[in-house]
file entry37.txt (compact mmCIF, C-alpha atoms)
# COMPACT_ATOMS: atom_id res chain seq x y z
CA MET K 29 108.26 -12.44 -43.41
CA PRO K 30 106.83 -10.81 -46.54
CA TYR K 31 108.99 -8.46 -48.52
CA PRO K 32 108.05 -4.79 -48.62
CA LEU K 33 106.18 -3.57 -51.65
CA TYR K 34 108.52 -1.36 -53.64
CA LEU K 35 106.77 1.59 -55.23
CA SER K 36 108.21 4.43 -57.21
CA LYS K 37 106.56 7.23 -59.18
CA SER K 38 109.11 6.62 -61.92
CA LEU K 39 107.71 3.10 -62.38
CA PRO K 40 104.01 3.52 -63.20
CA PHE K 41 103.83 0.02 -64.72
CA LEU K 42 104.22 -1.54 -61.28
CA LEU K 43 100.60 -0.78 -60.54
CA VAL K 44 99.19 -2.57 -63.61
CA GLU K 45 96.51 -5.07 -62.66
CA SER K 46 97.17 -8.45 -64.23
CA GLN K 47 94.33 -10.96 -64.41
CA ALA K 48 96.86 -13.82 -64.25
CA ILE K 49 98.46 -12.45 -61.05
CA LYS K 50 95.06 -11.69 -59.53
CA GLN K 51 93.84 -15.23 -60.27
CA PHE K 52 96.99 -16.78 -58.79
CA THR K 53 96.54 -14.74 -55.60
CA GLU K 54 92.85 -15.72 -55.36
CA ASP K 55 93.66 -19.41 -55.90
CA PHE K 56 95.95 -19.37 -52.86
CA ASN K 57 94.01 -16.90 -50.73
CA GLY K 58 93.86 -19.31 -47.77
CA GLY K 59 97.35 -18.41 -46.63
CA ALA K 60 99.24 -20.89 -48.78
CA ILE K 61 101.44 -18.20 -50.35
CA LEU K 62 104.87 -18.70 -48.80
CA VAL K 63 106.61 -15.81 -50.56
CA ASN K 64 105.04 -12.77 -52.19
CA PHE K 65 107.49 -10.25 -53.61
CA GLN K 66 106.86 -7.26 -55.83
CA GLY K 67 109.58 -4.74 -56.41
CA GLU K 68 113.01 -4.03 -57.75
CA VAL K 69 115.18 -7.08 -58.31
CA HIS K 70 118.97 -7.16 -58.07
CA GLU K 71 121.56 -9.74 -57.06
CA GLU K 72 121.43 -8.99 -53.33
CA ARG K 73 117.62 -9.17 -53.32
CA ILE K 74 117.72 -12.51 -55.15
CA SER K 75 120.03 -13.89 -52.45
CA GLN K 76 117.64 -12.62 -49.75
CA ILE K 77 114.64 -14.19 -51.45
CA LEU K 78 116.41 -17.52 -51.95
CA GLY K 79 117.51 -17.59 -48.30
CA ASP K 80 113.94 -16.93 -47.18
CA VAL K 81 112.55 -19.55 -49.57
CA GLU K 82 115.05 -22.16 -48.42
CA GLN K 83 114.00 -21.67 -44.80
CA LYS K 84 110.30 -21.82 -45.67
CA LEU K 85 110.77 -24.99 -47.73
CA GLU K 86 112.58 -26.66 -44.84
CA VAL K 87 109.58 -25.95 -42.62
CA ALA K 88 106.85 -26.71 -45.19
CA GLU K 89 108.26 -29.79 -46.92
CA GLU K 90 109.41 -33.03 -45.30
CA ASP K 91 110.64 -34.54 -48.56
CA PHE K 92 114.22 -33.30 -49.06
CA LYS K 93 114.23 -34.31 -52.73
CA LYS K 94 111.12 -32.20 -53.35
CA GLN K 95 112.70 -29.27 -51.44
CA ARG K 96 115.75 -29.37 -53.70
CA LYS K 97 113.65 -29.64 -56.86
CA VAL K 98 111.52 -26.63 -55.93
CA TYR K 99 114.56 -24.66 -54.81
CA ASN K 100 116.49 -25.37 -58.03
CA ILE K 101 113.52 -24.28 -60.15
CA LEU K 102 113.24 -21.11 -58.05
CA VAL K 103 116.93 -20.32 -58.58
CA GLU K 104 116.47 -20.58 -62.34
CA THR K 105 113.22 -18.59 -62.24
CA LEU K 106 114.76 -15.75 -60.24
CA GLN K 107 117.82 -15.68 -62.49
CA ASN K 108 115.50 -15.40 -65.50
CA LEU K 109 113.63 -12.53 -63.83
CA TYR K 110 116.89 -10.74 -63.13
CA HIS K 111 118.49 -11.27 -66.53
CA HIS K 112 115.45 -10.95 -68.78
CA THR K 113 113.45 -8.14 -67.26
CA ASP K 114 113.63 -5.19 -69.59
CA ALA K 115 115.00 -2.31 -67.53
CA PHE K 116 113.33 1.06 -67.53
CA SER K 117 115.09 4.35 -68.20
CA ASP K 118 116.38 4.60 -64.67
CA GLY K 119 117.78 1.06 -64.83
CA GLN K 120 115.42 -0.48 -62.27
CA LYS K 121 114.09 -3.96 -62.93
CA VAL K 122 110.67 -4.45 -61.39
CA VAL K 123 109.21 -7.95 -60.97
CA THR K 124 106.56 -9.93 -59.16
CA PHE K 125 107.41 -13.32 -57.69
CA MET K 126 105.24 -15.69 -55.65
CA LEU K 127 105.65 -19.17 -54.24
CA ALA K 128 102.58 -21.02 -52.99
CA LYS K 129 101.92 -24.49 -51.61
CA SER K 130 98.77 -26.56 -51.95
CA ASP K 131 97.83 -30.21 -51.55
CA GLU K 132 98.84 -30.76 -55.19
CA GLY K 133 102.35 -29.35 -54.73
CA TYR K 134 104.03 -26.01 -55.26
CA SER K 135 103.13 -23.23 -57.66
CA ILE K 136 105.44 -20.43 -58.73
CA LEU K 137 104.46 -17.18 -60.39
CA ALA K 138 107.06 -14.93 -61.99
CA ALA K 139 106.10 -11.71 -63.75
CA ASN K 140 108.26 -9.12 -65.41
CA TYR K 141 108.02 -6.33 -67.93
CA ILE K 142 109.18 -7.10 -71.43
CA ASP K 143 109.78 -5.03 -74.51
CA LEU K 144 106.92 -5.77 -76.93
CA ASN K 145 109.48 -6.65 -79.64
CA ASN K 146 110.55 -9.61 -77.49
CA VAL K 147 107.07 -11.09 -76.98
CA ALA K 148 106.69 -13.03 -80.25
CA PRO K 149 110.06 -14.84 -80.04
CA LEU K 150 109.48 -15.70 -76.36
CA LYS K 151 105.95 -16.95 -77.05
CA ALA K 152 107.28 -19.13 -79.90
CA LYS K 153 109.93 -20.60 -77.58
CA LEU K 154 107.37 -21.28 -74.82
CA ASP K 155 104.99 -22.93 -77.29
CA LYS K 156 107.81 -25.12 -78.60
CA ILE K 157 108.80 -26.13 -75.06
CA ASN K 158 105.18 -26.95 -74.20
CA SER K 159 104.85 -29.11 -77.32
CA LEU K 160 107.70 -31.40 -76.27
CA ASP K 161 107.66 -34.45 -74.05
CA LYS K 162 110.44 -35.36 -71.59
CA ASP K 163 112.75 -36.81 -74.26
CA GLY K 164 112.00 -33.92 -76.61
CA LEU K 165 112.92 -31.41 -73.92
CA ARG K 166 116.21 -33.21 -73.30
CA SER K 167 117.02 -33.15 -77.02
CA TYR K 168 116.01 -29.50 -77.36
CA TYR K 169 118.18 -28.58 -74.37
CA LYS K 170 121.18 -30.30 -75.99
CA GLU K 171 120.41 -28.65 -79.33
CA VAL K 172 120.35 -25.16 -77.79
CA LEU K 173 123.46 -25.96 -75.75
CA ASP K 174 125.33 -27.16 -78.85
CA ASN K 175 124.22 -24.44 -81.27
CA GLY K 176 126.53 -21.87 -79.65
CA GLN K 177 124.02 -19.03 -79.98
CA TYR K 178 124.01 -17.43 -76.57
CA SER K 179 122.20 -14.32 -75.51
CA VAL K 180 123.92 -11.34 -73.92
CA HIS K 181 123.07 -13.04 -70.62
CA GLY K 182 124.92 -16.21 -71.63
CA GLY K 183 122.17 -18.81 -71.60
CA GLY K 184 120.63 -18.85 -75.06
CA GLY K 185 117.29 -19.74 -73.48
CA LEU K 186 118.47 -22.78 -71.56
CA GLY K 187 116.89 -21.59 -68.30
CA ILE K 188 113.29 -21.82 -69.42
CA ILE K 189 113.92 -25.25 -70.96
CA ASP K 190 115.54 -26.37 -67.71
CA ILE K 191 112.53 -25.12 -65.71
CA ALA K 192 110.18 -27.18 -67.88
CA ARG K 193 112.42 -30.25 -67.60
CA LYS K 194 112.75 -30.04 -63.82
CA SER K 195 109.09 -29.27 -63.13
CA GLY K 196 107.80 -32.05 -65.37
CA ASN K 197 104.82 -29.86 -66.27
CA LYS K 198 103.75 -27.57 -69.08
CA LEU K 199 104.52 -23.90 -68.57
CA ASP K 200 101.47 -21.67 -68.16
CA TYR K 201 102.10 -18.15 -69.41
CA ASP K 202 100.31 -14.92 -70.21
CA PHE K 203 101.26 -11.69 -71.99
CA SER K 204 99.40 -8.41 -71.66
CA ASP K 205 100.16 -4.98 -73.09
CA VAL K 206 101.12 -2.30 -70.61
CA SER K 207 102.07 0.55 -72.95
CA ASP K 208 103.08 1.12 -76.57
CA THR K 209 106.50 -0.36 -75.84
CA PHE K 210 106.16 -2.71 -72.85
CA GLY K 211 104.14 -5.78 -71.99
CA LEU K 212 103.76 -7.85 -68.85
CA TYR K 213 104.96 -11.46 -69.06
CA VAL K 214 103.55 -13.82 -66.42
CA LEU K 215 104.89 -17.36 -66.07
CA LYS K 216 103.26 -19.95 -63.81
CA ILE K 217 105.07 -23.17 -62.95
CA LYS K 218 103.67 -26.20 -61.11
CA VAL K 219 106.09 -28.44 -59.25

call {"tool": "encode", "arguments": {"input": "entry37.txt", "output": "structure tokens"}}
result
Amino acid sequence: MPYPLYLSKSLPFLLVESQAIKQFTEDFNGGAILVNFQGEVHEERISQILGDVEQKLEVAEEDFKKQRKVYNILVETLQNLYHHTDAFSDGQKVVTFMLAKSDEGYSILAANYIDLNNVAPLKAKLDKINSLDKDGLRSYYKEVLDNGQYSVHGGGGLGIIDIARKSGNKLDYDFSDVSDTFGLYVLKIKV
């Protein structure tokens, strides 16, 4: 069951057309999108999405190990959306999240609004993660874990490293400006 589209006049950025999101939707236009959510994210909604995803994975995937891998990456992805979406003045955190299945595996799209001041450091981190192999990712994860520099959300960037480690693939990302202060961050993950 698809989630309702959440629209609010106080959130004009929700209607921004992203080429990365549009392309993802077109790539899986044949009905392979298992979950398509756009709206306000909060803890209860994350639990609902994860419950729905777990049921859909049980139906769509015979390999239990693959189910768990996809599910664990989704948990981390949704936590990142919740913790790292820059809230608007009314405190609402608006995101887009999609899970699709193809013959090659699963694809995840996560999109959230980000303060433009946070784009350069995030891009640098993503580029570093993408430059590392499996052993390099493990070392980088330990380095970040040991350096004791945690964000206000507690992770210090471990989540995105963990996503790259678990997926075994490079992270595909896109940034686009939405206003003078906000941008749209789109992350695509292949599992």

call {"tool": "residues_near_point", "arguments": {"input": "entry37.txt", "point": "(109.9, -7.1, -75.5)", "cutoff": "8 Å", "atoms": "all atoms listed in the file", "output": "list in words"}}
result
Asp114, Tyr141, Ile142, Asp143, Leu144, Asn145, Asn146, Val147, Thr209, Phe210 and Gly211 of chain K

call {"tool": "closest_atom_pairs", "arguments": {"input": "entry37.txt", "of": "region 46-146 of chain K", "to": "region 212-217 of chain K", "cutoff": "12 Å", "atoms": "all atoms listed in the file", "output": "JSON lines"}}
result
{"residue": "K:Ser46", "atom": "CA", "partner": "K:Leu212", "partner_atom": "CA", "distance": 8.1}
{"residue": "K:Gln47", "atom": "CA", "partner": "K:Val214", "partner_atom": "CA", "distance": 9.9}
{"residue": "K:Ala48", "atom": "CA", "partner": "K:Val214", "partner_atom": "CA", "distance": 7.0}
{"residue": "K:Ile49", "atom": "CA", "partner": "K:Val214", "partner_atom": "CA", "distance": 7.5}
{"residue": "K:Lys50", "atom": "CA", "partner": "K:Val214", "partner_atom": "CA", "distance": 11.1}
{"residue": "K:Gln51", "atom": "CA", "partner": "K:Lys216", "partner_atom": "CA", "distance": 11.1}
{"residue": "K:Phe52", "atom": "CA", "partner": "K:Lys216", "partner_atom": "CA", "distance": 8.6}
{"residue": "K:Thr53", "atom": "CA", "partner": "K:Lys216", "partner_atom": "CA", "distance": 11.8}
{"residue": "K:Val98", "atom": "CA", "partner": "K:Ile217", "partner_atom": "CA", "distance": 10.1}
{"residue": "K:Ile101", "atom": "CA", "partner": "K:Ile217", "partner_atom": "CA", "distance": 9.0}
{"residue": "K:Leu102", "atom": "CA", "partner": "K:Ile217", "partner_atom": "CA", "distance": 9.7}
{"residue": "K:Glu104", "atom": "CA", "partner": "K:Ile217", "partner_atom": "CA", "distance": 11.7}
{"residue": "K:Thr105", "atom": "CA", "partner": "K:Leu215", "partner_atom": "CA", "distance": 9.3}
{"residue": "K:Leu106", "atom": "CA", "partner": "K:Leu215", "partner_atom": "CA", "distance": 11.6}
{"residue": "K:Asn108", "atom": "CA", "partner": "K:Leu215", "partner_atom": "CA", "distance": 10.8}
{"residue": "K:Leu109", "atom": "CA", "partner": "K:Tyr213", "partner_atom": "CA", "distance": 10.2}
{"residue": "K:His112", "atom": "CA", "partner": "K:Tyr213", "partner_atom": "CA", "distance": 10.5}
{"residue": "K:Thr113", "atom": "CA", "partner": "K:Tyr213", "partner_atom": "CA", "distance": 9.3}
{"residue": "K:Asp114", "atom": "CA", "partner": "K:Leu212", "partner_atom": "CA", "distance": 10.2}
{"residue": "K:Val122", "atom": "CA", "partner": "K:Leu212", "partner_atom": "CA", "distance": 10.7}
{"residue": "K:Val123", "atom": "CA", "partner": "K:Leu212", "partner_atom": "CA", "distance": 9.6}
{"residue": "K:Thr124", "atom": "CA", "partner": "K:Val214", "partner_atom": "CA", "distance": 8.8}
{"residue": "K:Phe125", "atom": "CA", "partner": "K:Val214", "partner_atom": "CA", "distance": 9.6}
{"residue": "K:Met126", "atom": "CA", "partner": "K:Lys216", "partner_atom": "CA", "distance": 9.4}
{"residue": "K:Leu127", "atom": "CA", "partner": "K:Ile217", "partner_atom": "CA", "distance": 9.6}
{"residue": "K:Ala128", "atom": "CA", "partner": "K:Ile217", "partner_atom": "CA", "distance": 10.5}
{"residue": "K:Lys129", "atom": "CA", "partner": "K:Ile217", "partner_atom": "CA", "distance": 11.8}
{"residue": "K:Gly133", "atom": "CA", "partner": "K:Ile217", "partner_atom": "CA", "distance": 10.6}
{"residue": "K:Tyr134", "atom": "CA", "partner": "K:Ile217", "partner_atom": "CA", "distance": 8.3}
{"residue": "K:Ser135", "atom": "CA", "partner": "K:Ile217", "partner_atom": "CA", "distance": 5.6}
{"residue": "K:Ile136", "atom": "CA", "partner": "K:Ile217", "partner_atom": "CA", "distance": 5.0}
{"residue": "K:Leu137", "atom": "CA", "partner": "K:Lys216", "partner_atom": "CA", "distance": 4.6}
{"residue": "K:Ala138", "atom": "CA", "partner": "K:Leu215", "partner_atom": "CA", "distance": 5.2}
{"residue": "K:Ala139", "atom": "CA", "partner": "K:Val214", "partner_atom": "CA", "distance": 4.3}
{"residue": "K:Asn140", "atom": "CA", "partner": "K:Tyr213", "partner_atom": "CA", "distance": 5.4}
{"residue": "K:Tyr141", "atom": "CA", "partner": "K:Leu212", "partner_atom": "CA", "distance": 4.6}
{"residue": "K:Ile142", "atom": "CA", "partner": "K:Leu212", "partner_atom": "CA", "distance": 6.0}
{"residue": "K:Asp143", "atom": "CA", "partner": "K:Leu212", "partner_atom": "CA", "distance": 8.7}
{"residue": "K:Leu144", "atom": "CA", "partner": "K:Leu212", "partner_atom": "CA", "distance": 8.9}
{"residue": "K:Asn146", "atom": "CA", "partner": "K:Tyr213", "partner_atom": "CA", "distance": 10.3}

call {"tool": "atom_distance", "arguments": {"input": "entry37.txt", "atom1": "CA of Tyr168 (chain K)", "atom2": "CA of Ala148 (chain K)"}}
result
19.1 Å

call {"tool": "closest_residue", "arguments": {"input": "entry37.txt", "among": "K:Leu154, K:Ile77, K:Leu85, K:Val63", "to": "Asp200 (chain K)", "atoms": "all atoms listed in the file"}}
result
K:Leu154
